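The data block below is start-v3.txt; it holds compact mmCIF, C-alpha atoms and all ligand atoms.
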```
# COMPACT_ATOMS: atom_id res chain seq x y z
CA MET D 1 -16.11 -47.66 30.38
CA SER D 2 -18.82 -47.43 27.73
CA ALA D 3 -20.81 -44.23 27.93
CA ARG D 4 -24.59 -44.02 28.19
CA LEU D 5 -26.19 -42.51 25.10
CA LEU D 6 -27.69 -39.11 25.77
CA GLU D 7 -30.42 -39.24 23.16
CA GLY D 8 -32.40 -36.28 21.92
CA ALA D 9 -35.72 -38.00 21.14
CA PRO D 10 -37.13 -38.30 24.70
CA ILE D 11 -36.37 -34.62 25.39
CA ALA D 12 -37.76 -33.55 22.01
CA ASP D 13 -40.96 -35.56 22.60
CA ARG D 14 -41.50 -33.95 26.00
CA ILE D 15 -41.06 -30.47 24.53
CA LYS D 16 -43.41 -31.24 21.63
CA ASP D 17 -46.06 -32.44 24.12
CA ASP D 18 -45.71 -29.13 26.00
CA VAL D 19 -46.03 -27.24 22.70
CA LYS D 20 -49.21 -29.15 21.75
CA ALA D 21 -50.71 -28.48 25.19
CA ALA D 22 -49.91 -24.75 24.86
CA ILE D 23 -51.49 -24.57 21.39
CA ALA D 24 -54.63 -26.29 22.69
CA GLU D 25 -55.12 -23.33 25.05
CA MET D 26 -54.66 -20.64 22.38
CA ALA D 27 -57.61 -19.02 20.61
CA THR D 28 -55.72 -19.16 17.28
CA PRO D 29 -52.80 -21.47 16.51
CA PRO D 30 -49.47 -19.69 16.08
CA LYS D 31 -48.06 -19.18 12.60
CA LEU D 32 -44.42 -19.35 11.58
CA ALA D 33 -43.31 -17.59 8.39
CA ALA D 34 -39.93 -18.58 6.94
CA ILE D 35 -38.14 -16.49 4.33
CA LEU D 36 -36.10 -18.35 1.75
CA ALA D 37 -33.94 -15.74 0.00
CA THR D 38 -31.60 -18.12 -1.81
CA ASP D 39 -31.52 -21.08 -4.19
CA ASN D 40 -29.39 -23.02 -1.69
CA LYS D 41 -30.60 -26.63 -1.57
CA GLY D 42 -29.68 -27.08 2.10
CA ALA D 43 -31.82 -24.10 3.11
CA ALA D 44 -34.76 -25.43 1.06
CA PHE D 45 -34.36 -28.86 2.66
CA TYR D 46 -34.30 -27.29 6.10
CA ALA D 47 -37.51 -25.37 5.27
CA LYS D 48 -39.25 -28.66 4.40
CA ALA D 49 -38.15 -30.21 7.68
CA GLN D 50 -39.38 -27.13 9.58
CA LYS D 51 -42.76 -27.27 7.84
CA LYS D 52 -43.18 -30.94 8.76
CA ALA D 53 -42.19 -30.34 12.39
CA CYS D 54 -44.57 -27.36 12.69
CA GLU D 55 -47.51 -29.14 11.13
CA GLU D 56 -47.02 -32.17 13.37
CA VAL D 57 -47.74 -30.06 16.45
CA GLY D 58 -50.36 -27.73 14.93
CA ILE D 59 -48.29 -24.65 14.05
CA ALA D 60 -49.24 -23.07 10.70
CA TYR D 61 -46.24 -22.63 8.37
CA GLU D 62 -45.80 -20.28 5.44
CA LEU D 63 -42.73 -20.29 3.21
CA VAL D 64 -41.96 -16.95 1.54
CA GLU D 65 -39.78 -17.87 -1.45
CA LEU D 66 -37.77 -14.92 -2.75
CA GLY D 67 -35.15 -16.89 -4.71
CA ALA D 68 -31.49 -16.22 -5.42
CA GLU D 69 -32.24 -12.84 -7.04
CA ALA D 70 -33.55 -11.38 -3.79
CA ASP D 71 -31.88 -8.11 -2.76
CA GLN D 72 -31.67 -6.31 0.59
CA ALA D 73 -34.74 -4.14 0.02
CA THR D 74 -36.90 -7.11 -1.02
CA VAL D 75 -35.90 -9.20 1.98
CA GLU D 76 -36.33 -6.33 4.45
CA GLY D 77 -39.61 -5.34 2.77
CA ASN D 78 -40.96 -8.85 3.28
CA ILE D 79 -39.77 -8.88 6.87
CA GLY D 80 -41.59 -5.57 7.41
CA GLN D 81 -44.84 -7.04 6.04
CA LEU D 82 -44.54 -10.11 8.25
CA ASN D 83 -43.76 -7.92 11.28
CA ALA D 84 -47.00 -6.02 10.62
CA ASP D 85 -49.12 -9.13 10.02
CA ALA D 86 -50.86 -9.97 13.31
CA ASN D 87 -51.53 -13.54 12.09
CA VAL D 88 -47.79 -14.22 11.81
CA THR D 89 -46.38 -14.89 15.29
CA GLY D 90 -42.92 -16.14 14.31
CA ILE D 91 -40.43 -15.18 11.59
CA ILE D 92 -37.32 -17.04 10.56
CA LEU D 93 -34.79 -16.08 7.90
CA LEU D 94 -33.33 -19.25 6.40
CA MET D 95 -29.56 -19.32 6.00
CA PRO D 96 -27.60 -18.75 3.86
CA VAL D 97 -29.17 -15.75 2.13
CA ALA D 98 -28.47 -14.71 -1.48
CA GLU D 99 -25.14 -13.08 -2.22
CA GLY D 100 -25.18 -9.35 -1.53
CA VAL D 101 -27.86 -9.58 1.15
CA ASP D 102 -26.66 -8.54 4.61
CA SER D 103 -28.09 -11.26 6.85
CA ARG D 104 -27.31 -9.39 10.08
CA ALA D 105 -29.19 -6.30 8.91
CA CYS D 106 -32.14 -8.56 7.98
CA GLN D 107 -32.03 -10.25 11.38
CA ARG D 108 -32.08 -6.84 13.06
CA ALA D 109 -35.15 -5.94 10.99
CA ILE D 110 -37.20 -8.81 12.47
CA ASP D 111 -39.54 -7.81 15.30
CA PRO D 112 -37.67 -9.22 18.36
CA ASP D 113 -40.92 -10.66 19.73
CA LYS D 114 -41.31 -12.69 16.50
CA ASP D 115 -37.65 -13.72 16.23
CA VAL D 116 -37.99 -17.47 16.85
CA ASP D 117 -34.42 -18.14 15.75
CA GLY D 118 -33.12 -15.96 18.60
CA VAL D 119 -30.77 -13.99 16.37
CA HIS D 120 -31.94 -10.42 17.04
CA PRO D 121 -29.55 -8.53 19.35
CA ALA D 122 -32.43 -8.03 21.82
CA ASN D 123 -32.86 -11.79 22.17
CA LEU D 124 -29.13 -12.43 22.43
CA GLY D 125 -29.26 -9.80 25.18
CA ARG D 126 -31.87 -11.87 27.02
CA VAL D 127 -29.38 -14.78 26.97
CA VAL D 128 -26.85 -12.57 28.76
CA GLN D 129 -29.55 -12.07 31.41
CA GLY D 130 -29.89 -15.86 31.77
CA SER D 131 -33.25 -16.14 29.97
CA THR D 132 -34.02 -18.93 27.51
CA THR D 133 -37.00 -17.02 26.08
CA LEU D 134 -36.26 -16.75 22.34
CA ALA D 135 -32.67 -17.88 22.87
CA PRO D 136 -31.03 -19.53 19.83
CA CYS D 137 -32.55 -23.00 19.40
CA THR D 138 -29.30 -25.01 19.37
CA ALA D 139 -28.00 -23.32 22.52
CA GLN D 140 -31.27 -24.20 24.24
CA ALA D 141 -30.87 -27.78 22.99
CA VAL D 142 -27.37 -27.96 24.50
CA PHE D 143 -28.78 -26.59 27.76
CA GLU D 144 -31.64 -29.14 27.84
CA LEU D 145 -29.24 -32.02 27.14
CA ALA D 146 -26.92 -30.78 29.89
CA LYS D 147 -29.88 -30.72 32.31
CA ALA D 148 -30.95 -34.23 31.21
CA SER D 149 -27.43 -35.55 31.80
CA GLY D 150 -27.74 -34.69 35.49
CA VAL D 151 -24.56 -32.59 35.71
CA ALA D 152 -24.65 -30.16 38.63
CA LEU D 153 -26.41 -26.95 37.51
CA PHE D 154 -27.39 -24.46 40.18
CA ASP D 155 -30.04 -21.74 40.31
CA GLU D 156 -28.88 -20.03 43.49
CA PRO D 157 -25.39 -18.83 44.46
CA MET D 158 -25.82 -20.17 47.99
CA GLN D 159 -26.29 -23.75 46.70
CA CYS D 160 -23.28 -23.79 44.45
CA VAL D 161 -20.38 -22.58 46.58
CA GLY D 162 -17.32 -24.54 45.50
CA LYS D 163 -19.43 -27.07 43.54
CA GLY D 164 -19.77 -25.59 40.03
CA ILE D 165 -18.73 -27.96 37.24
CA GLU D 166 -16.03 -27.24 34.67
CA VAL D 167 -17.42 -26.81 31.15
CA CYS D 168 -15.45 -26.55 27.94
CA VAL D 169 -17.34 -25.22 24.92
CA VAL D 170 -15.42 -25.74 21.68
CA GLY D 171 -16.67 -23.23 19.10
CA HIS D 172 -17.69 -19.61 19.70
CA SER D 173 -20.32 -18.87 17.07
CA GLU D 174 -23.13 -16.43 17.81
CA ILE D 175 -25.90 -18.99 17.54
CA VAL D 176 -24.27 -22.01 19.22
CA GLY D 177 -20.99 -21.65 21.13
CA LYS D 178 -21.42 -18.24 22.76
CA PRO D 179 -25.07 -18.58 23.84
CA SER D 180 -24.50 -22.17 25.07
CA ALA D 181 -21.62 -20.90 27.21
CA LEU D 182 -23.74 -18.05 28.60
CA LEU D 183 -26.72 -20.25 29.50
CA LEU D 184 -24.43 -22.67 31.37
CA LEU D 185 -22.54 -19.80 33.01
CA ASP D 186 -25.86 -18.66 34.46
CA LYS D 187 -26.07 -22.07 36.20
CA PHE D 188 -22.73 -21.45 37.96
CA CYS D 189 -20.60 -23.60 35.66
CA THR D 190 -17.00 -22.49 35.16
CA ILE D 191 -16.74 -22.01 31.42
CA THR D 192 -13.80 -22.20 29.06
CA VAL D 193 -14.60 -21.32 25.46
CA CYS D 194 -12.16 -22.68 22.86
CA HIS D 195 -12.05 -21.62 19.24
CA ILE D 196 -9.87 -21.48 16.16
CA GLY D 197 -7.32 -19.35 18.05
CA THR D 198 -6.98 -21.73 21.01
CA ARG D 199 -3.35 -22.87 21.36
CA ASP D 200 -3.84 -26.14 23.23
CA LEU D 201 -7.37 -27.51 22.97
CA LYS D 202 -6.57 -30.68 24.88
CA ALA D 203 -5.24 -28.75 27.90
CA HIS D 204 -8.70 -27.18 28.26
CA SER D 205 -11.00 -30.00 27.11
CA THR D 206 -9.50 -32.62 29.45
CA LYS D 207 -10.44 -30.48 32.47
CA ALA D 208 -14.12 -30.43 31.51
CA ASP D 209 -16.86 -32.33 33.33
CA LEU D 210 -19.09 -31.24 30.43
CA LEU D 211 -17.59 -30.93 26.96
CA VAL D 212 -19.70 -29.20 24.30
CA VAL D 213 -18.31 -29.35 20.77
CA ALA D 214 -19.75 -27.10 18.04
CA VAL D 215 -17.19 -26.59 15.30
CA GLY D 216 -18.16 -28.35 12.06
CA LYS D 217 -14.96 -30.42 11.68
CA ALA D 218 -15.36 -34.19 11.72
CA GLY D 219 -12.87 -35.91 14.03
CA LEU D 220 -11.58 -32.72 15.69
CA VAL D 221 -12.22 -34.03 19.20
CA LYS D 222 -10.70 -37.43 19.88
CA GLY D 223 -10.76 -39.73 22.87
CA GLU D 224 -7.61 -38.09 24.23
CA HIS D 225 -9.46 -34.76 24.46
CA VAL D 226 -12.10 -36.16 26.84
CA LYS D 227 -11.77 -36.31 30.64
CA PRO D 228 -12.68 -39.79 31.94
CA GLY D 229 -16.33 -39.76 33.04
CA ALA D 230 -17.17 -36.47 31.32
CA VAL D 231 -20.48 -35.74 29.59
CA VAL D 232 -19.97 -35.00 25.87
CA ILE D 233 -22.47 -33.02 23.80
CA ASP D 234 -21.55 -33.15 20.12
CA VAL D 235 -23.31 -30.42 18.14
CA GLY D 236 -21.37 -30.89 14.90
CA ILE D 237 -23.04 -32.10 11.73
CA ASN D 238 -20.64 -33.23 9.03
CA ARG D 239 -21.29 -35.24 5.89
CA ILE D 240 -18.34 -37.55 5.20
CA LYS D 241 -17.60 -40.61 3.07
CA ASP D 242 -16.98 -43.85 4.98
CA ASP D 243 -14.40 -46.51 4.00
CA GLU D 244 -16.85 -47.97 1.46
CA GLY D 245 -17.46 -44.57 -0.15
CA LYS D 246 -20.94 -44.19 1.35
CA THR D 247 -21.91 -40.74 2.61
CA LYS D 248 -22.83 -40.56 6.29
CA THR D 249 -23.47 -37.94 8.94
CA VAL D 250 -21.05 -37.63 11.85
CA GLY D 251 -20.36 -35.10 14.57
CA ASP D 252 -17.13 -33.31 15.48
CA VAL D 253 -16.22 -35.95 18.07
CA VAL D 254 -14.66 -39.33 17.21
CA PHE D 255 -17.59 -41.21 18.70
CA ASP D 256 -15.97 -44.67 18.91
CA GLU D 257 -13.11 -43.27 20.99
CA ALA D 258 -15.07 -40.85 23.16
CA VAL D 259 -17.75 -43.42 24.01
CA GLU D 260 -15.09 -45.47 25.82
CA ILE D 261 -14.01 -42.53 27.99
CA ALA D 262 -17.09 -40.38 28.60
CA SER D 263 -19.90 -41.26 31.02
CA GLN D 264 -22.58 -39.93 28.62
CA ILE D 265 -22.41 -38.83 25.00
CA THR D 266 -24.89 -37.54 22.45
CA PRO D 267 -25.10 -39.57 19.22
CA VAL D 268 -24.95 -37.88 15.79
CA PRO D 269 -27.52 -38.10 14.37
CA GLY D 270 -30.04 -38.53 17.17
CA GLY D 271 -28.71 -36.10 19.78
CA VAL D 272 -28.65 -32.31 19.55
CA GLY D 273 -30.45 -32.04 16.18
CA ALA D 274 -33.77 -33.49 17.37
CA VAL D 275 -33.81 -31.20 20.41
CA THR D 276 -32.93 -28.15 18.29
CA THR D 277 -36.00 -28.69 16.11
CA ALA D 278 -38.19 -29.06 19.20
CA MET D 279 -36.72 -25.84 20.60
CA LEU D 280 -37.77 -23.97 17.47
CA LEU D 281 -41.35 -25.08 18.15
CA LYS D 282 -40.99 -24.00 21.79
CA ASN D 283 -39.72 -20.61 20.62
CA VAL D 284 -42.79 -20.25 18.37
CA ILE D 285 -44.95 -20.68 21.49
CA ASP D 286 -42.82 -18.25 23.53
CA ALA D 287 -43.07 -15.68 20.73
CA ALA D 288 -46.86 -16.06 20.48
CA ARG D 289 -47.13 -15.54 24.24
CA LEU D 290 -44.94 -12.41 24.09
CA GLN D 291 -47.51 -11.11 21.58
CA GLY D 292 -50.32 -11.81 24.03
CA LYS D 293 -51.75 -14.79 22.11
P1 LIG F 301 -19.46 -21.73 12.84
O1 LIG F 301 -18.73 -22.07 11.59
O2 LIG F 301 -20.23 -20.47 12.93
O3 LIG F 301 -18.40 -21.72 14.05
C1 LIG F 301 -17.40 -22.67 14.14
C2 LIG F 301 -16.60 -22.43 15.38
O4 LIG F 301 -15.59 -23.41 15.48
C3 LIG F 301 -15.91 -21.09 15.43
O5 LIG F 301 -16.13 -20.52 16.70
C4 LIG F 301 -14.41 -21.41 15.26
O6 LIG F 301 -13.58 -20.53 15.95
C5 LIG F 301 -14.37 -22.80 15.84
N1 LIG F 301 -13.26 -23.60 15.31
C6 LIG F 301 -12.93 -23.81 14.02
N2 LIG F 301 -11.83 -24.61 13.94
C7 LIG F 301 -11.50 -24.92 15.21
C8 LIG F 301 -10.46 -25.70 15.78
N3 LIG F 301 -9.57 -26.30 15.02
N4 LIG F 301 -10.41 -25.80 17.12
C9 LIG F 301 -11.30 -25.17 17.91
N5 LIG F 301 -12.32 -24.43 17.42
C10 LIG F 301 -12.41 -24.30 16.09
O7 LIG F 301 -20.34 -22.99 13.16
P2 LIG F 301 -21.72 -23.16 13.98
O8 LIG F 301 -22.83 -22.52 13.25
O9 LIG F 301 -21.51 -22.84 15.42
O10 LIG F 301 -21.90 -24.74 13.83
C11 LIG F 301 -20.94 -25.64 14.34
C12 LIG F 301 -21.34 -27.05 13.96
O11 LIG F 301 -22.60 -27.35 14.56
C13 LIG F 301 -21.54 -27.29 12.46
O12 LIG F 301 -21.16 -28.61 12.16
C14 LIG F 301 -23.03 -27.16 12.28
O13 LIG F 301 -23.53 -27.89 11.17
C15 LIG F 301 -23.52 -27.75 13.57
N6 LIG F 301 -24.85 -27.33 13.98
C16 LIG F 301 -25.68 -28.28 14.42
C17 LIG F 301 -26.94 -27.94 14.86
C18 LIG F 301 -27.84 -29.03 15.37
O14 LIG F 301 -29.02 -28.79 15.55
N7 LIG F 301 -27.31 -30.22 15.66
C19 LIG F 301 -27.37 -26.62 14.82
C20 LIG F 301 -26.47 -25.63 14.41
C21 LIG F 301 -25.19 -26.00 13.98
```
So that I can check it, write out the structure of this file as structure tokens.
Amino acid sequence: MSARLLEGAPIADRIKDDVKAAIAEMATPPKLAAILATDNKGAAFYAKAQKKACEEVGIAYELVELGAEADQATVEGNIGQLNADANVTGIILLMPVAEGVDSRACQRAIDPDKDVDGVHPANLGRVVQGSTTLAPCTAQAVFELAKASGVALFDEPMQCVGKGIEVCVVGHSEIVGKPSALLLLDKFCTITVCHIGTRDLKAHSTKADLLVVAVGKAGLVKGEHVKPGAVVIDVGINRIKDDEGKTKTVGDVVFDEAVEIASQITPVPGGVGAVTTAMLLKNVIDAARLQGK
């Protein structure tokens, strides 16, 4: 069997069209402010990509550059100003932050209604209640890809009796693994979450009709970990050198093996990443609406 590619672009395009339509109905376009409190090149690169994505759909973007010298008070002070600025409808703290800055405390300082990254405890709480409003972007991307794959997701308990699919989520981070598991749980999937402490990954992963992998280790999940006919969503992004010494981006799943066993699989790049970016834009709209815009 050769799996169908579960590509992110068509889903991302649909979400971006919805975002553009929503902005067309707003009196003032939403504005996203991103705080860069680091000299980390990856974070700066990510900010550029965010700016481009925002401007493509008509969201204003402001980058607040605080540099590697930023301390807790400076970061929280800037967050406070952005919270109070009615023109700013979304706030994102780019990761990582400078050494000595407590990122969790900063995330808690963001007005939950402006928290477009979905990292404030109030928004993670919404996920527990089954809401995707201001849920972490990557978890929403996993959820959208799962829906697009056509696996059985149910809204009502009466529809799902004895029919819920088995899901294995590998990785239990706060922004990807845990919220992805919770969103799918709300659709009556039976969830197993594996992590660094899991004794026998294969025993769990081979039971899964839907296998979500979000670890950050290239090649962790091989063909033998995949149940024949399963849907595989590979969240991992890893930069590795190929046999010719060229750097390339791969996921956590050995694609060439899994593609022969799965029924559908997300490519890396071209799968989860594109949808995650679109979900950030969707969260900017959701945040603006929560603020009555
Ligand atoms: P993280 O480092 O916060 O969490 C990694 C998780 O993997 C942990 O739960 C850990 O317990 C688990 N783990 C580590 N080794 C394991 C093993 N041997 N077996 C089973 N589980 C193991 O990472 P994260 O922020 O959740 O990101 C995971 C990956 O997803 C990274 O590659 C990251 O770059 C990528 N990512 C992609 C997107 C996207 O849009 N495509 C967005 C966010 C993160």
D:Val231, D:Ile11, D:Ala214, D:Val226 ranked by distance to ligand LIG 301 (chain F), top pick (using only C-alpha atoms and all ligand atoms) | D:Ala214
Please identify the residues whose atoms come within 10 Å of ligand LIG 301 (chain F), using only C-alpha atoms and all ligand atoms, and report them as an NGL selection string.
-> :D and (136-139 or 141-142 or 169-178 or 193-202 or 213-218 or 220-221 or 233-239 or 250-252 or 268-279)
Residue selection dump (C-alpha atoms) as a compact mmCIF listing (two decimals), in the frame of the given file:
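Saved to out-v7.txt:
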```
# COMPACT_ATOMS: atom_id res chain seq x y z
CA PRO D 136 -31.03 -19.53 19.83
CA CYS D 137 -32.55 -23.00 19.40
CA THR D 138 -29.30 -25.01 19.37
CA ALA D 139 -28.00 -23.32 22.52
CA ALA D 141 -30.87 -27.78 22.99
CA VAL D 142 -27.37 -27.96 24.50
CA VAL D 169 -17.34 -25.22 24.92
CA VAL D 170 -15.42 -25.74 21.68
CA GLY D 171 -16.67 -23.23 19.10
CA HIS D 172 -17.69 -19.61 19.70
CA SER D 173 -20.32 -18.87 17.07
CA GLU D 174 -23.13 -16.43 17.81
CA ILE D 175 -25.90 -18.99 17.54
CA VAL D 176 -24.27 -22.01 19.22
CA GLY D 177 -20.99 -21.65 21.13
CA LYS D 178 -21.42 -18.24 22.76
CA VAL D 193 -14.60 -21.32 25.46
CA CYS D 194 -12.16 -22.68 22.86
CA HIS D 195 -12.05 -21.62 19.24
CA ILE D 196 -9.87 -21.48 16.16
CA GLY D 197 -7.32 -19.35 18.05
CA THR D 198 -6.98 -21.73 21.01
CA ARG D 199 -3.35 -22.87 21.36
CA ASP D 200 -3.84 -26.14 23.23
CA LEU D 201 -7.37 -27.51 22.97
CA LYS D 202 -6.57 -30.68 24.88
CA VAL D 213 -18.31 -29.35 20.77
CA ALA D 214 -19.75 -27.10 18.04
CA VAL D 215 -17.19 -26.59 15.30
CA GLY D 216 -18.16 -28.35 12.06
CA LYS D 217 -14.96 -30.42 11.68
CA ALA D 218 -15.36 -34.19 11.72
CA LEU D 220 -11.58 -32.72 15.69
CA VAL D 221 -12.22 -34.03 19.20
CA ILE D 233 -22.47 -33.02 23.80
CA ASP D 234 -21.55 -33.15 20.12
CA VAL D 235 -23.31 -30.42 18.14
CA GLY D 236 -21.37 -30.89 14.90
CA ILE D 237 -23.04 -32.10 11.73
CA ASN D 238 -20.64 -33.23 9.03
CA ARG D 239 -21.29 -35.24 5.89
CA VAL D 250 -21.05 -37.63 11.85
CA GLY D 251 -20.36 -35.10 14.57
CA ASP D 252 -17.13 -33.31 15.48
CA VAL D 268 -24.95 -37.88 15.79
CA PRO D 269 -27.52 -38.10 14.37
CA GLY D 270 -30.04 -38.53 17.17
CA GLY D 271 -28.71 -36.10 19.78
CA VAL D 272 -28.65 -32.31 19.55
CA GLY D 273 -30.45 -32.04 16.18
CA ALA D 274 -33.77 -33.49 17.37
CA VAL D 275 -33.81 -31.20 20.41
CA THR D 276 -32.93 -28.15 18.29
CA THR D 277 -36.00 -28.69 16.11
CA ALA D 278 -38.19 -29.06 19.20
CA MET D 279 -36.72 -25.84 20.60
```
Kindly list the centre and edge lengths in Å, rounded to one decimal, for the axis-aligned box that covers all listed atoms of range 239-253 of chain D plus 6 Å on each of its six sides, as JSON.
```
{"center_x": -18.9, "center_y": -40.6, "center_z": 9.0, "size_x": 21.1, "size_y": 26.7, "size_z": 30.2}
```
Using all atoms listed in the file, pick whichever of D:Ala258, D:His225, D:Ile285, D:Arg108 has the shortest atom-to-atom distance to Ala24 in chain D.
->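 Smallest distance to Ala24 in chain D is found for D:Ile285.
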What is the distance between CA of Ile191 in chain D and CA of Val253 in chain D, in Å to one decimal?
-> 19.3 Å
